[in-house]
Amino acid sequence: MNSQSLNYIEQIYADYLANPETVTPEWRQFFQEDGWREAVAMPPVSPPEPAVEPPAVSQAPSNGSADGTHAGLNGDHYGGNGESARRSEHAPPNPLPPPGLPSTPAASAPRVGGEGRPMRGDVQLVALQERVDQLIRNHRVRGHIIARLDPLKQPRPQPPELDPAYYGFSEEDYDRVFSTRTSYGPQERSLREIVGWLRNTYCRYIGAQFMHIDDLAVRQWLQDRMESNENRIHLRRDEQLRILRKLTDAVIFEEFIQKKFLGAKSFSLEGAESLIPLLDMAVEDAGSDGVEEIVLAMAHRGRLNVLANVIGKNPRQIFREFEDLDADKQIGRGDVKYHLGYSSNRETANGREVHLSLCFNPSHLEFVNTVAMGRMRAKQDRRGDRERRRGMALIVHGDAAFAGEGVVQETLNLSELPAYSVGGTIHLIVNNQIGFTTTPQESRSSTYCTDVAKMLQIPIFHVNGEHPEAVAQVLRLAMDFRYKFQRDIVIDMYCYRLRGHNEGDEPSFTQPLLYQAIEQRKSVRAGYLEHLLELGGVSRHEADQIAEERQAHLEQELASARSDNFVPQQDMLSKVWKGYRGGPESEAPDIDTGVERDRLSQLLAVQARMPEGFNVHPKIQRGMDKRMEMADGAAPFDWAAAEAVAFASLATQGYPIRLTGQDCERGTFSHRHSVLHDYTNGAVYMPLNHLSKDQAHVEIANSPLSEAGVLAYEYGYSLDSPDALVMWEAQFGDFANAAQVVIDQFIASAEDKWRRLSGLVLLLPHGFEGQGPEHSSARLERFLLLAAEDNIQVVSPSTPAQYFHLLRRQVLRHWRKPLIVMTPKSLLRHRECVSDIEDLANGQFQRVIPDTRITDLSQANRILLCSGKVYYELYDRRDELGLQDVAILRVEQFYPLPTKALKAALDTAKPGADVIWVQEEPENMGAWRFLRCHYGDTLLGKFPLSVVSRPASASPATGSRSAHISEQNKLIADALGQ
């Protein structure tokens, strides 16, 4: 029995009353029993969401809901011992009569539920109870639609299912008492009280979307927290004063910049000043939850305000950047002030220290999201915080970007994955209700900009940014939810943008009516101050004094910024980055990266031995047997084995390893098998984490089908893990195309723009093997176009030993630059692409490998330079033809330019000898044009330089394997002069 059955039971009962013989014997017996009426009148479960949908609109919800006083009755905030100690003191609701409801009680209205169970035959009252339950549920599901979220009060239709009249209630029903056992608080309420309580909880200045969450316990927790206090907060006087101070800080800062730096771009926060007290409270609450580090990310709007009033950057430094008096120090480098990041330590009100880090961010807005998450994950891992309790990521979004950028979905999708979870991220949307000049109707197909977040089992809160205490309630609820469930949460703060996209824009060109409404608005501070004055807790004198103090402070800071004695804050590498450096490679000496032979054998053997009772797939077992032969010196190392011992040698030396990418556990080409699965029961075993008791942690994990989000995440991880080998592997090299923003805006330029170093490694399978245009080229030419000032390393190792030394070099030398590796595909199993154990035990990475057969180049009339797979084809064809005057040299490092190594390799060559660059790529791709740009038509001033390649093409490769073979044969023949 439940409320969904009532209509059916009513019909059967009516038939029974008319003629008992028309119903089945079971139903006759049921209606003859005395207990049936109690069964029907028991508190029913809520029905499923009704099929009626509200009209689809894209503007913010507006008026039309009831509300009570602004300051609700909620418990104070307490903190202690790193746990969430925030509690709610439940007070009986005191709603105002909802609009349209009668204010005079109906006399002697019958009760439904509890002691007022219906008498025999009064099934109509049971049906009314069902409708009340539907009304309650629909407010939980749809109440946000009519919540007063928009400060500009733009009109919006009301869904009919939120109107009591929709359910057939008449005036005499408003004082009828119904059961509310399924809700927090009193077990019974009149319909008038129920509607007022629902409107106050779900339709005031906060709209909650949470009924899409499948977990009943989570929904019930949220219902209890909101319905117990009508989703309102009671703040102590000191908390109200703190909000007023932070609003004053925000307003005065923006007004000061507008007056002192006329016409300068600052991406003002005006219209959304509640962001500052919101972030301030987030830091305070996080400290009470035991959070020790917060990584923040945000785009332009309000960034300077956040830097000054939340993160703690000295205003004089910001003002100095406006003055732009240090141009000689910024030539060719640096970034605009509203892209810059900062970090600081902040002591909370309860005496706890929280480290704040605001990420640097380019104009590609949302791409910083997973950078922040990756940084937080690295900080947690470094602290040994496997429970993800001591750090928090907080990301501030814009409404248009949150709805429009696909990387947002990638970010949300990472949130619950074991290799990427950070214990829940707070997503805060500063909802301007416009994107540059584009309205919501033009920029999204959804009702809310947040609708993409409904893919997760998390609540979404919409809140009116002009009501700071509603903002405070939502923030506190969000922080408590995150602490309890360790999931993401979304806060959509409705506000407006006082000025254009930047201070030079005229927004009324495109939105004249909107900006006429905005011009009528007073600041959030002014409105909140009026509220506090009405309550009598704050005087006008106190408020004026706060503003005067802030104004005077900013005047002092500006004077200091303009002083000839100004000393800029030094942005030096410190803390975890102490001892590491960037700059030119010439200042980074090479080091020996070999490992003792016996140690290599041991490290490979331990990975080839399985635990007792672990059953490896027979094909993989044959590979493990082969690795045992390699460990014993009976077989040379292949690519996968060299990688395995590189990882193992670093881990046992104390360097953490992290590798993610699509299918990277097995390897796209079924070569790595770093994570093994029992063939009989599916159990998982990872040999690299069973090397020794004191080894560093090794994490190798498959990523979702994402490039931009995952690569940005690993980049962020590398920013806080300079001592780790952090790698991202593309399934095929060309997949990096989908992450080009991350490569351009972060990886290649961060040192120049922000003086931030990274040792991230990109493994990009590359090689022309007849697999078509999409899986041939990792677009080597694109990375080389980005190469300048020794900003990145671009390499193409051709042997397992080279790969081994390259990975170890990346960690062991303290010069930190991103490393882009063109890795092989067919060479993974090529019989000649192997290395003796001695090659791994001795030496270091070679930037150029001389010809191993023709050591005296004076005997060569033709010198070929190449890289990667084509070397082996040239080598084999030269042997077949018996050519004795053709030398083949391998260029293993493209950038930084290996000029010194080239000179050494060509030292014995005859001046004037033809040097030919051979590449599989079309002439307009690959390394040719880069090399010719730097070396000209004459290499090193004495060797004519030309090229053999495929013809210039708009596409990297043919889709026909036969055509590929024909092209390849011609290319090899031309290179060898045949």
# chains A, B, ... in the order shown; residues from 1 in each chain; ligands from 1
>>> residues_around(residues="Gln511 of chain A", least_positions_apart="5", cutoff="9 Å", atoms="only C-alpha atoms", output="PyMOL selection string")
chain A and resi 437-439+516
>>> residues_around(residues="segment 652-657 of chain A", least_positions_apart="2", cutoff="7 Å", atoms="only C-alpha atoms", output="PyMOL selection string")
chain A and resi 647-650+659+692+695-699+723-726
>>> closest_residue(among="A:Leu902, A:Val645, A:Ile863, A:Leu247", to="Leu945 of chain A", atoms="only C-alpha atoms")
A:Ile863
>>> residues_around(residues="segment 815-831 of chain A", least_positions_apart="5", cutoff="8 Å", atoms="only C-alpha atoms", output="PDB file with N, CA, C and O atoms, in the first residue's frame")
ATOM      1  N   TYR A 580      65.451  23.215  -7.703  1.00  0.00           N
ATOM      2  CA  TYR A 580      65.172  22.960  -9.116  1.00  0.00           C
ATOM      3  C   TYR A 580      65.289  24.262  -9.910  1.00  0.00           C
ATOM      4  O   TYR A 580      65.165  25.352  -9.349  1.00  0.00           O
ATOM      5  N   ARG A 581      65.511  24.138 -11.194  1.00  0.00           N
ATOM      6  CA  ARG A 581      65.705  25.344 -11.983  1.00  0.00           C
ATOM      7  C   ARG A 581      65.203  25.140 -13.412  1.00  0.00           C
ATOM      8  O   ARG A 581      65.015  24.019 -13.882  1.00  0.00           O
ATOM      9  N   GLY A 582      64.994  26.278 -14.086  1.00  0.00           N
ATOM     10  CA  GLY A 582      64.640  26.273 -15.490  1.00  0.00           C
ATOM     11  C   GLY A 582      65.764  26.901 -16.280  1.00  0.00           C
ATOM     12  O   GLY A 582      66.934  26.612 -16.055  1.00  0.00           O
ATOM     13  N   GLU A 585      69.213  24.974 -21.378  1.00  0.00           N
ATOM     14  CA  GLU A 585      69.752  23.635 -21.105  1.00  0.00           C
ATOM     15  C   GLU A 585      71.270  23.663 -20.961  1.00  0.00           C
ATOM     16  O   GLU A 585      71.847  22.809 -20.285  1.00  0.00           O
ATOM     17  N   ALA A 588      72.433  23.264 -17.581  1.00  0.00           N
ATOM     18  CA  ALA A 588      72.024  22.045 -16.884  1.00  0.00           C
ATOM     19  C   ALA A 588      72.944  20.910 -17.302  1.00  0.00           C
ATOM     20  O   ALA A 588      72.757  20.301 -18.360  1.00  0.00           O
ATOM     21  N   ASP A 638      63.602  -5.298 -24.668  1.00  0.00           N
ATOM     22  CA  ASP A 638      62.741  -4.598 -25.607  1.00  0.00           C
ATOM     23  C   ASP A 638      62.257  -3.293 -24.958  1.00  0.00           C
ATOM     24  O   ASP A 638      62.628  -2.955 -23.839  1.00  0.00           O
ATOM     25  N   TRP A 639      61.393  -2.571 -25.684  1.00  0.00           N
ATOM     26  CA  TRP A 639      60.964  -1.240 -25.232  1.00  0.00           C
ATOM     27  C   TRP A 639      60.245  -1.302 -23.885  1.00  0.00           C
ATOM     28  O   TRP A 639      60.518  -0.523 -22.976  1.00  0.00           O
ATOM     29  N   ALA A 640      59.303  -2.241 -23.765  1.00  0.00           N
ATOM     30  CA  ALA A 640      58.507  -2.332 -22.543  1.00  0.00           C
ATOM     31  C   ALA A 640      59.366  -2.711 -21.342  1.00  0.00           C
ATOM     32  O   ALA A 640      59.164  -2.197 -20.230  1.00  0.00           O
ATOM     33  N   PHE A 669      49.161  -0.748 -27.422  1.00  0.00           N
ATOM     34  CA  PHE A 669      49.636  -1.784 -28.327  1.00  0.00           C
ATOM     35  C   PHE A 669      49.952  -3.079 -27.586  1.00  0.00           C
ATOM     36  O   PHE A 669      50.771  -3.881 -28.028  1.00  0.00           O
ATOM     37  N   HIS A 671      51.598  -3.846 -24.902  1.00  0.00           N
ATOM     38  CA  HIS A 671      53.023  -4.085 -24.672  1.00  0.00           C
ATOM     39  C   HIS A 671      53.444  -3.880 -23.225  1.00  0.00           C
ATOM     40  O   HIS A 671      54.424  -4.462 -22.769  1.00  0.00           O
ATOM     41  N   PRO A 722      57.669  18.204  -8.226  1.00  0.00           N
ATOM     42  CA  PRO A 722      58.892  18.313  -9.021  1.00  0.00           C
ATOM     43  C   PRO A 722      59.804  17.094  -8.905  1.00  0.00           C
ATOM     44  O   PRO A 722      60.635  16.866  -9.784  1.00  0.00           O
ATOM     45  N   GLY A 733      49.419   9.329 -31.002  1.00  0.00           N
ATOM     46  CA  GLY A 733      50.003  10.651 -30.833  1.00  0.00           C
ATOM     47  C   GLY A 733      49.119  11.785 -31.282  1.00  0.00           C
ATOM     48  O   GLY A 733      49.114  12.863 -30.686  1.00  0.00           O
ATOM     49  N   ILE A 747      51.651  24.234 -21.056  1.00  0.00           N
ATOM     50  CA  ILE A 747      52.889  23.460 -21.100  1.00  0.00           C
ATOM     51  C   ILE A 747      54.018  24.226 -21.767  1.00  0.00           C
ATOM     52  O   ILE A 747      55.141  24.290 -21.244  1.00  0.00           O
ATOM     53  N   ALA A 748      53.741  24.823 -22.928  1.00  0.00           N
ATOM     54  CA  ALA A 748      54.819  25.469 -23.688  1.00  0.00           C
ATOM     55  C   ALA A 748      55.166  26.857 -23.183  1.00  0.00           C
ATOM     56  O   ALA A 748      56.288  27.320 -23.394  1.00  0.00           O
ATOM     57  N   LEU A 757      57.583  26.139 -13.481  1.00  0.00           N
ATOM     58  CA  LEU A 757      58.258  25.015 -14.110  1.00  0.00           C
ATOM     59  C   LEU A 757      57.409  23.756 -14.016  1.00  0.00           C
ATOM     60  O   LEU A 757      56.581  23.609 -13.116  1.00  0.00           O
ATOM     61  N   SER A 758      57.660  22.856 -14.945  1.00  0.00           N
ATOM     62  CA  SER A 758      56.973  21.567 -14.949  1.00  0.00           C
ATOM     63  C   SER A 758      57.884  20.530 -15.581  1.00  0.00           C
ATOM     64  O   SER A 758      58.585  20.817 -16.562  1.00  0.00           O
ATOM     65  N   GLY A 759      57.858  19.332 -15.035  1.00  0.00           N
ATOM     66  CA  GLY A 759      58.611  18.218 -15.617  1.00  0.00           C
ATOM     67  C   GLY A 759      57.715  17.195 -16.272  1.00  0.00           C
ATOM     68  O   GLY A 759      58.098  16.031 -16.436  1.00  0.00           O
ATOM     69  N   LEU A 760      56.507  17.599 -16.668  1.00  0.00           N
ATOM     70  CA  LEU A 760      55.543  16.666 -17.254  1.00  0.00           C
ATOM     71  C   LEU A 760      56.099  16.019 -18.520  1.00  0.00           C
ATOM     72  O   LEU A 760      56.749  16.674 -19.337  1.00  0.00           O
ATOM     73  N   VAL A 761      55.804  14.724 -18.684  1.00  0.00           N
ATOM     74  CA  VAL A 761      56.220  13.964 -19.863  1.00  0.00           C
ATOM     75  C   VAL A 761      54.994  13.594 -20.687  1.00  0.00           C
ATOM     76  O   VAL A 761      54.023  13.062 -20.146  1.00  0.00           O
ATOM     77  N   LEU A 762      55.040  13.879 -21.991  1.00  0.00           N
ATOM     78  CA  LEU A 762      53.991  13.458 -22.925  1.00  0.00           C
ATOM     79  C   LEU A 762      54.534  12.333 -23.780  1.00  0.00           C
ATOM     80  O   LEU A 762      55.558  12.497 -24.463  1.00  0.00           O
ATOM     81  N   LEU A 763      53.897  11.165 -23.719  1.00  0.00           N
ATOM     82  CA  LEU A 763      54.283  10.017 -24.530  1.00  0.00           C
ATOM     83  C   LEU A 763      53.309   9.927 -25.697  1.00  0.00           C
ATOM     84  O   LEU A 763      52.125   9.648 -25.505  1.00  0.00           O
ATOM     85  N   LEU A 764      53.812  10.163 -26.914  1.00  0.00           N
ATOM     86  CA  LEU A 764      52.948  10.276 -28.090  1.00  0.00           C
ATOM     87  C   LEU A 764      53.375   9.277 -29.160  1.00  0.00           C
ATOM     88  O   LEU A 764      54.364   9.506 -29.872  1.00  0.00           O
ATOM     89  N   PRO A 765      52.653   8.150 -29.308  1.00  0.00           N
ATOM     90  CA  PRO A 765      53.000   7.174 -30.355  1.00  0.00           C
ATOM     91  C   PRO A 765      52.996   7.823 -31.733  1.00  0.00           C
ATOM     92  O   PRO A 765      52.043   8.509 -32.112  1.00  0.00           O
ATOM     93  N   HIS A 766      54.076   7.584 -32.486  1.00  0.00           N
ATOM     94  CA  HIS A 766      54.292   8.299 -33.748  1.00  0.00           C
ATOM     95  C   HIS A 766      54.995   7.369 -34.726  1.00  0.00           C
ATOM     96  O   HIS A 766      55.938   6.678 -34.369  1.00  0.00           O
ATOM     97  N   GLY A 767      54.542   7.362 -35.964  1.00  0.00           N
ATOM     98  CA  GLY A 767      55.203   6.557 -36.982  1.00  0.00           C
ATOM     99  C   GLY A 767      54.248   6.197 -38.096  1.00  0.00           C
ATOM    100  O   GLY A 767      53.062   5.952 -37.858  1.00  0.00           O
ATOM    101  N   GLU A 769      52.875   3.753 -40.528  1.00  0.00           N
ATOM    102  CA  GLU A 769      52.813   2.307 -40.725  1.00  0.00           C
ATOM    103  C   GLU A 769      51.587   1.878 -41.514  1.00  0.00           C
ATOM    104  O   GLU A 769      51.133   0.753 -41.415  1.00  0.00           O
ATOM    105  N   ALA A 778      52.091  12.287 -34.630  1.00  0.00           N
ATOM    106  CA  ALA A 778      51.855  12.994 -33.363  1.00  0.00           C
ATOM    107  C   ALA A 778      52.030  14.497 -33.549  1.00  0.00           C
ATOM    108  O   ALA A 778      52.068  15.234 -32.571  1.00  0.00           O
ATOM    109  N   LEU A 780      54.618  16.313 -34.787  1.00  0.00           N
ATOM    110  CA  LEU A 780      55.913  16.786 -34.318  1.00  0.00           C
ATOM    111  C   LEU A 780      56.133  18.251 -34.653  1.00  0.00           C
ATOM    112  O   LEU A 780      56.662  19.024 -33.835  1.00  0.00           O
ATOM    113  N   ASN A 791      62.177  26.120 -23.829  1.00  0.00           N
ATOM    114  CA  ASN A 791      60.977  25.972 -23.003  1.00  0.00           C
ATOM    115  C   ASN A 791      60.506  24.540 -22.858  1.00  0.00           C
ATOM    116  O   ASN A 791      59.879  24.173 -21.860  1.00  0.00           O
ATOM    117  N   ILE A 792      60.768  23.709 -23.881  1.00  0.00           N
ATOM    118  CA  ILE A 792      60.340  22.316 -23.845  1.00  0.00           C
ATOM    119  C   ILE A 792      61.457  21.445 -24.397  1.00  0.00           C
ATOM    120  O   ILE A 792      62.426  21.930 -24.997  1.00  0.00           O
ATOM    121  N   GLN A 793      61.315  20.138 -24.197  1.00  0.00           N
ATOM    122  CA  GLN A 793      62.214  19.151 -24.803  1.00  0.00           C
ATOM    123  C   GLN A 793      61.382  18.308 -25.767  1.00  0.00           C
ATOM    124  O   GLN A 793      60.317  17.828 -25.405  1.00  0.00           O
ATOM    125  N   VAL A 794      61.887  18.130 -26.990  1.00  0.00           N
ATOM    126  CA  VAL A 794      61.203  17.317 -27.984  1.00  0.00           C
ATOM    127  C   VAL A 794      62.186  16.265 -28.470  1.00  0.00           C
ATOM    128  O   VAL A 794      63.246  16.606 -29.019  1.00  0.00           O
ATOM    129  N   VAL A 795      61.845  15.001 -28.252  1.00  0.00           N
ATOM    130  CA  VAL A 795      62.787  13.924 -28.553  1.00  0.00           C
ATOM    131  C   VAL A 795      62.084  12.786 -29.281  1.00  0.00           C
ATOM    132  O   VAL A 795      60.858  12.650 -29.222  1.00  0.00           O
ATOM    133  N   SER A 796      62.899  11.961 -29.949  1.00  0.00           N
ATOM    134  CA  SER A 796      62.395  10.776 -30.637  1.00  0.00           C
ATOM    135  C   SER A 796      63.400   9.652 -30.448  1.00  0.00           C
ATOM    136  O   SER A 796      64.223   9.382 -31.333  1.00  0.00           O
ATOM    137  N   PRO A 797      63.384   8.991 -29.304  1.00  0.00           N
ATOM    138  CA  PRO A 797      64.374   7.933 -29.040  1.00  0.00           C
ATOM    139  C   PRO A 797      64.127   6.725 -29.933  1.00  0.00           C
ATOM    140  O   PRO A 797      62.978   6.367 -30.224  1.00  0.00           O
ATOM    141  N   GLN A 810      65.136  12.730 -16.998  1.00  0.00           N
ATOM    142  CA  GLN A 810      64.080  13.690 -16.724  1.00  0.00           C
ATOM    143  C   GLN A 810      63.911  13.933 -15.227  1.00  0.00           C
ATOM    144  O   GLN A 810      63.543  15.039 -14.810  1.00  0.00           O
ATOM    145  N   GLY A 868      63.664   7.973 -35.466  1.00  0.00           N
ATOM    146  CA  GLY A 868      62.580   7.020 -35.297  1.00  0.00           C
ATOM    147  C   GLY A 868      62.624   5.828 -36.223  1.00  0.00           C
ATOM    148  O   GLY A 868      63.680   5.354 -36.649  1.00  0.00           O
ATOM    149  N   LYS A 869      61.441   5.348 -36.593  1.00  0.00           N
ATOM    150  CA  LYS A 869      61.282   4.076 -37.291  1.00  0.00           C
ATOM    151  C   LYS A 869      61.993   4.033 -38.640  1.00  0.00           C
ATOM    152  O   LYS A 869      62.514   2.980 -39.042  1.00  0.00           O
TER     153      LYS A 869
END
>>> select_by_dssp(residues="segment 444-679 of chain A", states="helix (DSSP H, G or I)", output="MDAnalysis selection string")
chainID A and resid 451:455 468:485 507:509 512:519 524:535 540:561 575:577 585:587 597:608 618:631 639:652
>>> closest_residue(among="A:His934, A:Arg847, A:Arg245, A:Lys265", to="Glu503 of chain A", atoms="only C-alpha atoms")
A:Lys265
>>> residues_around(residues="segment 836-841 of chain A", least_positions_apart="4", cutoff="6 Å", atoms="only C-alpha atoms", output="PyMOL selection string")
chain A and resi 594-597+636+801
>>> select_by_dssp(residues="segment 276-444 of chain A", states="strand (DSSP E or B)", output="PyMOL selection string")
chain A and resi 293-298+342-347+353-358+391-398+425-431+435+438
